[in-house]
file model33.txt (compact mmCIF, C-alpha atoms)
# COMPACT_ATOMS: atom_id res chain seq x y z
CA MET A 1330 -2.84 -2.60 19.00
CA LEU A 1331 -1.06 -5.89 19.56
CA VAL A 1332 0.76 -7.24 16.50
CA PHE A 1333 1.48 -10.95 16.04
CA ASN A 1334 3.93 -11.83 13.26
CA SER A 1335 3.72 -15.61 13.55
CA LEU A 1336 1.20 -18.20 14.69
CA ASP A 1337 3.53 -19.24 17.51
CA GLU A 1338 3.37 -15.72 18.98
CA ILE A 1339 -0.39 -15.86 19.45
CA ARG A 1340 -0.97 -16.39 23.16
CA ASP A 1341 -3.24 -14.98 25.86
CA THR A 1342 -5.61 -13.35 23.36
CA GLU A 1343 -9.33 -12.95 23.99
CA ASP A 1344 -12.32 -13.95 21.87
CA CYS A 1345 -12.44 -11.70 18.84
CA CYS A 1346 -14.20 -10.54 15.71
CA VAL A 1347 -11.82 -10.95 12.77
CA ALA A 1348 -11.62 -9.13 9.44
CA LEU A 1349 -10.17 -11.52 6.85
CA GLY A 1350 -8.21 -10.44 3.79
CA ASN A 1351 -4.86 -9.55 2.31
CA PHE A 1352 -5.52 -5.80 2.73
CA ASP A 1353 -2.68 -4.95 0.33
CA GLY A 1354 -3.34 -1.25 0.14
CA VAL A 1355 -5.87 -0.73 2.96
CA HIS A 1356 -8.03 1.04 0.38
CA LYS A 1357 -11.60 2.26 0.88
CA GLY A 1358 -13.04 -1.23 0.42
CA HIS A 1359 -10.67 -2.65 3.03
CA GLN A 1360 -11.38 0.26 5.36
CA GLN A 1361 -15.12 -0.38 5.17
CA LEU A 1362 -14.71 -4.11 5.85
CA ILE A 1363 -12.36 -3.58 8.81
CA GLY A 1364 -14.58 -0.80 10.16
CA LYS A 1365 -17.59 -3.13 10.20
CA ALA A 1366 -15.59 -5.74 12.10
CA VAL A 1367 -14.45 -3.15 14.66
CA ARG A 1368 -18.01 -1.95 15.24
CA ALA A 1369 -19.37 -5.49 15.52
CA ALA A 1370 -16.67 -6.37 18.06
CA LYS A 1371 -17.73 -3.45 20.24
CA ARG A 1372 -21.39 -4.47 20.00
CA HIS A 1373 -20.68 -8.04 21.05
CA GLY A 1374 -18.01 -7.37 23.67
CA LEU A 1375 -15.22 -8.92 21.60
CA LYS A 1376 -11.74 -7.79 20.67
CA SER A 1377 -11.45 -6.56 17.09
CA ALA A 1378 -8.85 -8.22 14.90
CA VAL A 1379 -7.42 -8.35 11.39
CA PHE A 1380 -5.97 -11.56 9.98
CA THR A 1381 -3.69 -10.93 7.00
CA PHE A 1382 -0.43 -12.04 5.46
CA SER A 1383 2.92 -10.24 5.59
CA ASN A 1384 3.70 -11.52 2.08
CA HIS A 1385 1.33 -11.89 -0.85
CA PRO A 1386 0.02 -15.48 -1.24
CA LYS A 1387 0.64 -15.33 -4.99
CA SER A 1388 4.37 -15.07 -4.26
CA MET A 1389 4.25 -18.73 -3.15
CA LEU A 1390 2.80 -20.09 -6.38
CA GLY A 1391 6.21 -20.60 -7.96
CA ASP A 1392 5.10 -19.38 -11.39
CA GLY A 1393 7.34 -16.33 -11.42
CA ARG A 1394 4.53 -13.88 -10.80
CA GLU A 1395 5.45 -11.20 -8.31
CA VAL A 1396 2.78 -8.96 -6.90
CA LYS A 1397 4.17 -5.49 -6.27
CA ASN A 1398 3.26 -3.82 -2.99
CA ILE A 1399 1.11 -0.69 -2.88
CA ILE A 1400 2.19 0.24 0.63
CA TYR A 1401 4.99 -0.71 2.99
CA GLN A 1402 4.40 -3.17 5.80
CA GLU A 1403 4.82 -0.53 8.52
CA GLU A 1404 2.36 1.75 6.71
CA LYS A 1405 -0.14 -1.10 6.44
CA THR A 1406 0.18 -1.70 10.18
CA ALA A 1407 -0.27 2.00 10.99
CA LEU A 1408 -3.36 2.34 8.78
CA ILE A 1409 -4.98 -0.72 10.35
CA GLU A 1410 -4.23 0.58 13.84
CA LYS A 1411 -5.89 3.91 12.98
CA LEU A 1412 -9.10 1.99 12.27
CA GLY A 1413 -9.31 1.00 15.94
CA VAL A 1414 -8.19 -2.64 15.68
CA ASP A 1415 -7.07 -4.44 18.85
CA TYR A 1416 -5.16 -7.38 17.33
CA LEU A 1417 -3.26 -7.58 14.05
CA PHE A 1418 -2.41 -11.13 13.03
CA ASN A 1419 0.20 -10.32 10.38
CA ILE A 1420 1.34 -13.83 9.49
CA GLU A 1421 3.77 -15.02 6.82
CA PHE A 1422 2.05 -17.10 4.15
CA THR A 1423 4.09 -20.30 4.45
CA ARG A 1424 3.86 -23.79 2.90
CA GLU A 1425 2.16 -24.89 6.11
CA ILE A 1426 -0.63 -22.38 5.64
CA GLN A 1427 -0.70 -22.86 1.87
CA THR A 1428 -1.38 -26.61 2.24
CA MET A 1429 -3.90 -26.29 5.08
CA THR A 1430 -7.32 -27.65 4.17
CA PRO A 1431 -10.17 -25.13 4.21
CA GLU A 1432 -11.76 -27.04 7.10
CA ALA A 1433 -8.54 -26.87 9.14
CA PHE A 1434 -8.19 -23.18 8.31
CA ILE A 1435 -11.62 -22.55 9.83
CA GLY A 1436 -11.55 -24.96 12.74
CA GLU A 1437 -7.92 -25.01 13.83
CA LEU A 1438 -6.82 -21.54 12.83
CA LEU A 1439 -9.79 -19.17 12.99
CA ALA A 1440 -11.94 -20.76 15.69
CA GLY A 1441 -9.00 -22.42 17.44
CA ARG A 1442 -5.83 -20.39 17.59
CA LEU A 1443 -7.37 -16.98 16.86
CA ARG A 1444 -10.43 -17.58 19.07
CA ALA A 1445 -12.65 -15.97 16.44
CA LYS A 1446 -16.35 -15.77 17.26
CA GLU A 1447 -17.28 -13.64 14.28
CA THR A 1448 -15.67 -12.91 10.92
CA PHE A 1449 -16.02 -10.35 8.15
CA CYS A 1450 -14.72 -10.99 4.64
CA GLY A 1451 -15.22 -9.94 1.05
CA PHE A 1452 -17.64 -11.71 -1.28
CA ASN A 1453 -14.76 -13.32 -3.18
CA TYR A 1454 -12.66 -14.38 -0.19
CA ARG A 1455 -10.77 -17.64 -0.81
CA PHE A 1456 -8.68 -19.69 1.60
CA GLY A 1457 -7.18 -23.11 2.23
CA TYR A 1458 -5.26 -25.45 -0.05
CA LYS A 1459 -5.47 -24.40 -3.71
CA ALA A 1460 -7.89 -21.64 -2.58
CA ALA A 1461 -10.61 -24.30 -2.37
CA GLY A 1462 -12.39 -22.54 0.50
CA ASN A 1463 -15.01 -19.89 -0.27
CA VAL A 1464 -17.62 -17.92 1.64
CA ARG A 1465 -20.21 -20.70 1.28
CA LEU A 1466 -17.89 -23.19 2.97
CA LEU A 1467 -16.91 -20.60 5.57
CA ARG A 1468 -20.57 -20.21 6.51
CA GLU A 1469 -21.23 -23.95 6.58
CA GLU A 1470 -18.15 -24.85 8.62
CA GLY A 1471 -18.52 -21.76 10.76
CA LYS A 1472 -21.79 -23.07 12.16
CA LYS A 1473 -19.95 -26.10 13.55
CA HIS A 1474 -17.66 -23.81 15.53
CA ALA A 1475 -20.24 -21.18 16.61
CA LEU A 1476 -18.55 -18.76 14.23
CA ARG A 1477 -20.70 -15.97 12.79
CA VAL A 1478 -19.79 -15.10 9.20
CA ASN A 1479 -20.48 -11.74 7.53
CA VAL A 1480 -19.85 -11.35 3.81
CA ILE A 1481 -19.35 -7.81 2.53
CA GLU A 1482 -20.27 -6.81 -1.01
CA PRO A 1483 -17.72 -4.81 -3.05
CA VAL A 1484 -17.42 -1.07 -2.60
CA ILE A 1485 -18.21 0.73 -5.85
CA ILE A 1486 -17.06 4.29 -6.55
CA ASP A 1487 -18.07 6.04 -9.78
CA GLY A 1488 -19.01 2.70 -11.29
CA GLU A 1489 -15.65 1.07 -10.45
CA VAL A 1490 -15.22 -1.79 -7.98
CA VAL A 1491 -12.54 -0.70 -5.52
CA SER A 1492 -9.69 -3.21 -5.65
CA SER A 1493 -5.93 -3.39 -5.25
CA THR A 1494 -5.69 -4.53 -8.88
CA LEU A 1495 -7.45 -1.35 -10.02
CA ILE A 1496 -5.15 0.82 -7.90
CA ARG A 1497 -2.00 -0.91 -9.16
CA GLY A 1498 -3.20 -0.27 -12.71
CA LEU A 1499 -3.75 3.43 -12.01
CA ILE A 1500 -0.26 3.79 -10.55
CA ARG A 1501 1.40 1.93 -13.44
CA SER A 1502 -0.40 4.08 -16.02
CA GLY A 1503 0.52 7.35 -14.27
CA ASP A 1504 -3.06 8.16 -13.26
CA VAL A 1505 -1.88 8.94 -9.74
CA ASP A 1506 -4.50 11.69 -9.34
CA GLU A 1507 -7.19 8.99 -9.51
CA CYS A 1508 -5.72 6.91 -6.68
CA ALA A 1509 -7.05 9.05 -3.83
CA ARG A 1510 -10.65 8.26 -4.83
CA PHE A 1511 -10.06 4.59 -4.16
CA LEU A 1512 -7.28 4.60 -1.56
CA GLY A 1513 -8.81 7.34 0.57
CA ARG A 1514 -5.43 9.11 0.51
CA ASN A 1515 -2.80 10.07 -2.04
CA TYR A 1516 -0.50 7.37 -3.36
CA ASP A 1517 3.01 7.70 -1.92
CA ILE A 1518 6.36 5.98 -1.92
CA GLY A 1519 9.32 6.62 0.34
CA GLY A 1520 12.97 5.92 0.92
CA GLU A 1521 16.29 7.19 2.17
CA VAL A 1522 17.76 10.17 0.35
CA VAL A 1523 20.95 9.19 -1.49
CA VAL A 1524 23.65 11.19 -3.27
CA GLY A 1525 22.76 11.78 -6.91
CA ASN A 1526 24.78 13.26 -9.77
CA ARG A 1527 24.25 16.77 -8.33
CA LEU A 1528 23.23 18.06 -11.76
CA GLY A 1529 20.02 19.57 -10.37
CA LYS A 1530 21.98 21.73 -7.97
CA LYS A 1531 24.25 22.92 -10.77
CA LEU A 1532 21.19 23.88 -12.82
CA GLY A 1533 19.66 25.75 -9.89
CA PHE A 1534 17.11 23.07 -9.00
CA PRO A 1535 18.60 20.99 -6.15
CA THR A 1536 16.90 17.62 -5.71
CA SER A 1537 16.56 14.90 -3.11
CA ASN A 1538 17.10 11.49 -4.71
CA ILE A 1539 15.49 8.18 -3.72
CA MET A 1540 16.25 4.82 -5.27
CA ILE A 1541 13.17 2.92 -6.42
CA ASP A 1542 12.23 -0.02 -4.21
CA GLU A 1543 11.78 -2.94 -6.63
CA SER A 1544 9.17 -4.54 -4.37
CA MET A 1545 6.82 -1.57 -4.80
CA VAL A 1546 4.48 -0.76 -7.67
CA THR A 1547 5.73 2.50 -9.17
CA PRO A 1548 4.46 5.06 -11.68
CA PRO A 1549 5.91 5.33 -15.20
CA ASN A 1550 8.84 7.58 -16.00
CA GLY A 1551 7.77 11.18 -16.05
CA VAL A 1552 7.30 14.41 -14.11
CA TYR A 1553 4.79 14.69 -11.28
CA ILE A 1554 3.41 17.38 -9.01
CA THR A 1555 4.02 16.06 -5.51
CA TYR A 1556 4.38 16.68 -1.82
CA CYS A 1557 7.58 15.72 -0.04
CA ILE A 1558 6.90 14.54 3.49
CA TYR A 1559 9.77 14.93 5.94
CA ASN A 1560 9.41 14.59 9.71
CA GLY A 1561 5.62 14.58 9.31
CA VAL A 1562 5.52 17.90 7.44
CA LYS A 1563 4.33 18.19 3.82
CA TYR A 1564 6.36 20.40 1.51
CA PRO A 1565 5.15 21.31 -2.02
CA SER A 1566 7.46 19.74 -4.60
CA VAL A 1567 7.92 18.50 -8.15
CA THR A 1568 9.32 15.03 -8.84
CA ASN A 1569 10.95 13.29 -11.78
CA VAL A 1570 10.64 9.51 -11.93
CA GLY A 1571 13.01 7.93 -14.41
CA VAL A 1572 16.48 7.21 -15.68
CA LYS A 1573 17.74 10.72 -16.62
CA PRO A 1574 18.27 9.88 -20.33
CA THR A 1575 19.67 13.32 -21.23
CA VAL A 1576 22.72 13.03 -18.96
CA GLY A 1577 23.63 9.33 -18.99
CA VAL A 1578 22.42 5.85 -18.12
CA TYR A 1579 21.00 5.53 -14.61
CA LYS A 1580 18.86 3.08 -12.71
CA LYS A 1581 15.25 4.22 -12.29
CA ASN A 1582 14.94 6.56 -9.34
CA MET A 1583 12.98 9.53 -8.05
CA GLU A 1584 14.41 13.01 -7.69
CA THR A 1585 12.36 15.67 -5.98
CA HIS A 1586 12.82 19.43 -6.00
CA ILE A 1587 11.23 20.87 -2.85
CA PHE A 1588 10.06 24.48 -3.14
CA ASN A 1589 11.29 27.04 -0.60
CA PHE A 1590 13.39 24.41 1.18
CA ASP A 1591 17.14 24.53 1.73
CA ARG A 1592 17.84 21.79 4.29
CA GLU A 1593 20.23 18.94 3.62
CA LEU A 1594 18.40 15.59 3.51
CA TYR A 1595 21.12 13.07 2.66
CA GLY A 1596 20.56 9.91 4.71
CA LYS A 1597 17.11 11.06 5.84
CA TYR A 1598 13.86 9.20 5.19
CA ILE A 1599 11.27 11.04 3.11
CA LYS A 1600 8.02 10.11 1.40
CA ILE A 1601 6.84 11.40 -1.94
CA GLU A 1602 3.09 11.86 -2.25
CA PHE A 1603 1.93 11.95 -5.87
CA LEU A 1604 -0.76 14.42 -6.93
CA LYS A 1605 -0.65 14.60 -10.73
CA MET A 1606 1.46 13.53 -13.70
CA THR A 1607 2.35 16.45 -15.98
CA ARG A 1608 4.48 14.87 -18.73
CA ASP A 1609 6.50 11.83 -19.78
CA GLU A 1610 10.25 11.70 -19.28
CA VAL A 1611 12.03 13.01 -22.39
CA LYS A 1612 15.60 12.77 -23.68
CA PHE A 1613 16.70 16.29 -24.63
CA ASP A 1614 19.45 17.15 -27.09
CA ASN A 1615 21.46 19.02 -24.48
CA VAL A 1616 21.53 20.12 -20.84
CA GLU A 1617 20.35 23.64 -21.74
CA GLU A 1618 17.09 22.27 -23.15
CA LEU A 1619 16.68 20.10 -20.08
CA SER A 1620 17.24 23.08 -17.77
CA ALA A 1621 14.62 25.16 -19.61
CA GLN A 1622 12.09 22.33 -19.35
CA ILE A 1623 12.79 21.86 -15.62
CA ALA A 1624 12.06 25.57 -15.13
CA ARG A 1625 8.72 25.14 -16.92
CA ASP A 1626 7.95 22.02 -14.84
CA CYS A 1627 8.62 23.97 -11.66
CA GLU A 1628 6.40 26.85 -12.71
CA GLU A 1629 3.55 24.47 -13.49
CA ALA A 1630 3.94 22.70 -10.15
CA LYS A 1631 4.15 25.99 -8.25
CA ALA A 1632 0.95 27.18 -9.88
CA TYR A 1633 -0.77 23.93 -8.93
CA HIS A 1634 0.40 24.33 -5.33
CA GLY A 1635 -0.66 27.99 -5.31
CA LEU A 1636 2.86 29.25 -4.66
call {"tool": "encode", "arguments": {"input": "model33.txt", "output": "structure tokens"}}
result
Amino acid sequence: MLVFNSLDEIRDTEDCCVALGNFDGVHKGHQQLIGKAVRAAKRHGLKSAVFTFSNHPKSMLGDGREVKNIIYQEEKTALIEKLGVDYLFNIEFTREIQTMTPEAFIGELLAGRLRAKETFCGFNYRFGYKAAGNVRLLREEGKKHALRVNVIEPVIIDGEVVSSTLIRGLIRSGDVDECARFLGRNYDIGGEVVVGNRLGKKLGFPTSNIMIDESMVTPPNGVYITYCIYNGVKYPSVTNVGVKPTVGVYKKNMETHIFNFDRELYGKYIKIEFLKMTRDEVKFDNVEELSAQIARDCEEAKAYHGL
């Protein structure tokens, strides 16, 4: 898959069928839309493409609203590539694009620079200055540029419309076990292992610590049954997300105890895959109470993992 990170990089591409959207999560709805574009491209002898933004358009509104990411940029790229896409137009949402008229977006950008001959988008797709463009305009203007337009209805699972907003809400409320139904995979978050306070090791439960990335949507403070992914291998684990209130004042982080694992991971990149929340984070009266609860947390997680 060829990846283009700016409009200026787009050269020597062929006519294509483009999936349009932010794809901030590459959830089951996104996967279905992109899959339809890939199959249509093959039918019509076109290259398959995804046009998306490397930053969320709402971040440019200047109203202080920040949209937290569900997945990292490299993970988004990898998931899109797995769907069989030939071109990924992963463009920064700039003032230039923000102020582009809907007509220019269709004629100059889609039909012109991207060489799109067919597009797929969601029923609520908006584009152009002040999001004035909609699917009706896309169809009308598309005819002028010999651009076929396909509008995809929402994907509904168990009565819920699959959306990034829904998934963010599930993560924030700790319902991480529900995420897989809509994402098509378990929710995960990763980072480099840093040195912690080493209390876990003293208590007999050594942990790998990751600082929380503030750009990512994260679950509430609590204990979770998880997998730790290191070098592509999944290891059963239990993870605490929080600020360690019993032993001091700390910035929110994740500390994971990996079962039957004794390798040193400082400085290594790991991912934590969340399976189920078991309890909220609690401030105990002393370290002995904390240690006893950690032992119970580990037993519950081991039972879940079948260890």
call {"tool": "residues_near_point", "arguments": {"input": "model33.txt", "point": "(-13.8, -26.5, 9.0)", "cutoff": "10 Å", "atoms": "only C-alpha atoms", "output": "number ranges by chain"}}
result
A: 1430-1440, 1462, 1466-1474
call {"tool": "atom_distance", "arguments": {"input": "model33.txt", "atom1": "CA of Met1330 (chain A)", "atom2": "CA of Asp1415 (chain A)"}}
result
4.6 Å
call {"tool": "residues_around", "arguments": {"input": "model33.txt", "residues": "Val1379 (chain A)", "least_positions_apart": "5", "cutoff": "8 Å", "atoms": "all atoms listed in the file", "output": "ChimeraX atom specification"}}
result
/A:1347-1350,1363,1414,1416-1419
call {"tool": "residues_around", "arguments": {"input": "model33.txt", "residues": "Asn1582 (chain A)", "least_positions_apart": "5", "cutoff": "6 Å", "atoms": "all atoms listed in the file", "output": "tab-separated table (two decimals) with C-alpha atoms, in the coordinates of the input"}}
result
chain	number	residue	atom	x	y	z
A	1539	ILE	CA	15.49	8.18	-3.72
A	1540	MET	CA	16.25	4.82	-5.27
A	1541	ILE	CA	13.17	2.92	-6.42
A	1570	VAL	CA	10.64	9.51	-11.93
A	1571	GLY	CA	13.01	7.93	-14.41
call {"tool": "atom_distance", "arguments": {"input": "model33.txt", "atom1": "CA of Leu1619 (chain A)", "atom2": "CA of Pro1549 (chain A)"}}
result
18.9 Å
call {"tool": "residues_around", "arguments": {"input": "model33.txt", "residues": "Leu1594 (chain A)", "least_positions_apart": "4", "cutoff": "12 Å", "atoms": "all atoms listed in the file", "output": "list in words"}}
result
Gly1520, Glu1521, Val1522, Val1523, Val1524, Gly1525, Pro1535, Thr1536, Ser1537, Asn1538, Ile1539, Cys1557, Ile1558, Tyr1559, Asn1560, Thr1585, His1586, Ile1587, Phe1590, Tyr1598, Ile1599 and Lys1600 of chain A
call {"tool": "atom_distance", "arguments": {"input": "model33.txt", "atom1": "CA of Tyr1553 (chain A)", "atom2": "CA of Tyr1633 (chain A)"}}
result
11.0 Å
call {"tool": "closest_residue", "arguments": {"input": "model33.txt", "among": "A:Lys1597, A:Lys1580, A:Arg1368, A:Arg1424", "to": "Phe1449 (chain A)", "atoms": "only C-alpha atoms"}}
result
A:Arg1368
call {"tool": "build_atoms", "arguments": {"input": "model33.txt", "residues": "region 1554-1571 of chain A", "atoms": "N, CA and C atoms", "output": "PDB file, keeping the file's coordinate frame"}}
result
ATOM      1  N   ILE A1554       3.608  16.412 -10.094  1.00  0.00           N
ATOM      2  CA  ILE A1554       3.410  17.380  -9.010  1.00  0.00           C
ATOM      3  C   ILE A1554       3.224  16.557  -7.744  1.00  0.00           C
ATOM      4  N   THR A1555       3.973  16.900  -6.701  1.00  0.00           N
ATOM      5  CA  THR A1555       4.020  16.060  -5.510  1.00  0.00           C
ATOM      6  C   THR A1555       4.077  16.887  -4.232  1.00  0.00           C
ATOM      7  N   TYR A1556       3.969  16.170  -3.132  1.00  0.00           N
ATOM      8  CA  TYR A1556       4.380  16.680  -1.820  1.00  0.00           C
ATOM      9  C   TYR A1556       5.554  15.829  -1.373  1.00  0.00           C
ATOM     10  N   CYS A1557       6.508  16.452  -0.709  1.00  0.00           N
ATOM     11  CA  CYS A1557       7.580  15.720  -0.040  1.00  0.00           C
ATOM     12  C   CYS A1557       7.286  15.762   1.455  1.00  0.00           C
ATOM     13  N   ILE A1558       7.204  14.602   2.068  1.00  0.00           N
ATOM     14  CA  ILE A1558       6.900  14.540   3.490  1.00  0.00           C
ATOM     15  C   ILE A1558       8.172  14.202   4.254  1.00  0.00           C
ATOM     16  N   TYR A1559       8.565  15.115   5.128  1.00  0.00           N
ATOM     17  CA  TYR A1559       9.770  14.930   5.940  1.00  0.00           C
ATOM     18  C   TYR A1559       9.436  15.297   7.382  1.00  0.00           C
ATOM     19  N   ASN A1560       9.710  14.372   8.286  1.00  0.00           N
ATOM     20  CA  ASN A1560       9.410  14.590   9.710  1.00  0.00           C
ATOM     21  C   ASN A1560       7.944  14.969   9.930  1.00  0.00           C
ATOM     22  N   GLY A1561       7.054  14.361   9.140  1.00  0.00           N
ATOM     23  CA  GLY A1561       5.620  14.580   9.310  1.00  0.00           C
ATOM     24  C   GLY A1561       5.090  15.862   8.703  1.00  0.00           C
ATOM     25  N   VAL A1562       5.941  16.632   8.041  1.00  0.00           N
ATOM     26  CA  VAL A1562       5.520  17.900   7.440  1.00  0.00           C
ATOM     27  C   VAL A1562       5.501  17.747   5.921  1.00  0.00           C
ATOM     28  N   LYS A1563       4.449  18.252   5.283  1.00  0.00           N
ATOM     29  CA  LYS A1563       4.330  18.190   3.820  1.00  0.00           C
ATOM     30  C   LYS A1563       4.881  19.458   3.194  1.00  0.00           C
ATOM     31  N   TYR A1564       5.780  19.278   2.231  1.00  0.00           N
ATOM     32  CA  TYR A1564       6.360  20.400   1.510  1.00  0.00           C
ATOM     33  C   TYR A1564       5.986  20.279   0.027  1.00  0.00           C
ATOM     34  N   PRO A1565       5.449  21.351  -0.588  1.00  0.00           N
ATOM     35  CA  PRO A1565       5.150  21.310  -2.020  1.00  0.00           C
ATOM     36  C   PRO A1565       6.415  20.994  -2.824  1.00  0.00           C
ATOM     37  N   SER A1566       6.277  20.155  -3.844  1.00  0.00           N
ATOM     38  CA  SER A1566       7.460  19.740  -4.600  1.00  0.00           C
ATOM     39  C   SER A1566       7.063  19.316  -6.005  1.00  0.00           C
ATOM     40  N   VAL A1567       8.090  19.075  -6.821  1.00  0.00           N
ATOM     41  CA  VAL A1567       7.920  18.500  -8.150  1.00  0.00           C
ATOM     42  C   VAL A1567       8.921  17.357  -8.253  1.00  0.00           C
ATOM     43  N   THR A1568       8.503  16.248  -8.857  1.00  0.00           N
ATOM     44  CA  THR A1568       9.320  15.030  -8.840  1.00  0.00           C
ATOM     45  C   THR A1568       9.472  14.438 -10.237  1.00  0.00           C
ATOM     46  N   ASN A1569      10.695  14.044 -10.551  1.00  0.00           N
ATOM     47  CA  ASN A1569      10.950  13.290 -11.780  1.00  0.00           C
ATOM     48  C   ASN A1569      11.178  11.824 -11.417  1.00  0.00           C
ATOM     49  N   VAL A1570      10.428  10.950 -12.068  1.00  0.00           N
ATOM     50  CA  VAL A1570      10.640   9.510 -11.930  1.00  0.00           C
ATOM     51  C   VAL A1570      11.259   9.040 -13.238  1.00  0.00           C
ATOM     52  N   GLY A1571      12.421   8.391 -13.165  1.00  0.00           N
ATOM     53  CA  GLY A1571      13.010   7.930 -14.410  1.00  0.00           C
ATOM     54  C   GLY A1571      14.476   7.614 -14.352  1.00  0.00           C
TER      55      GLY A1571
END
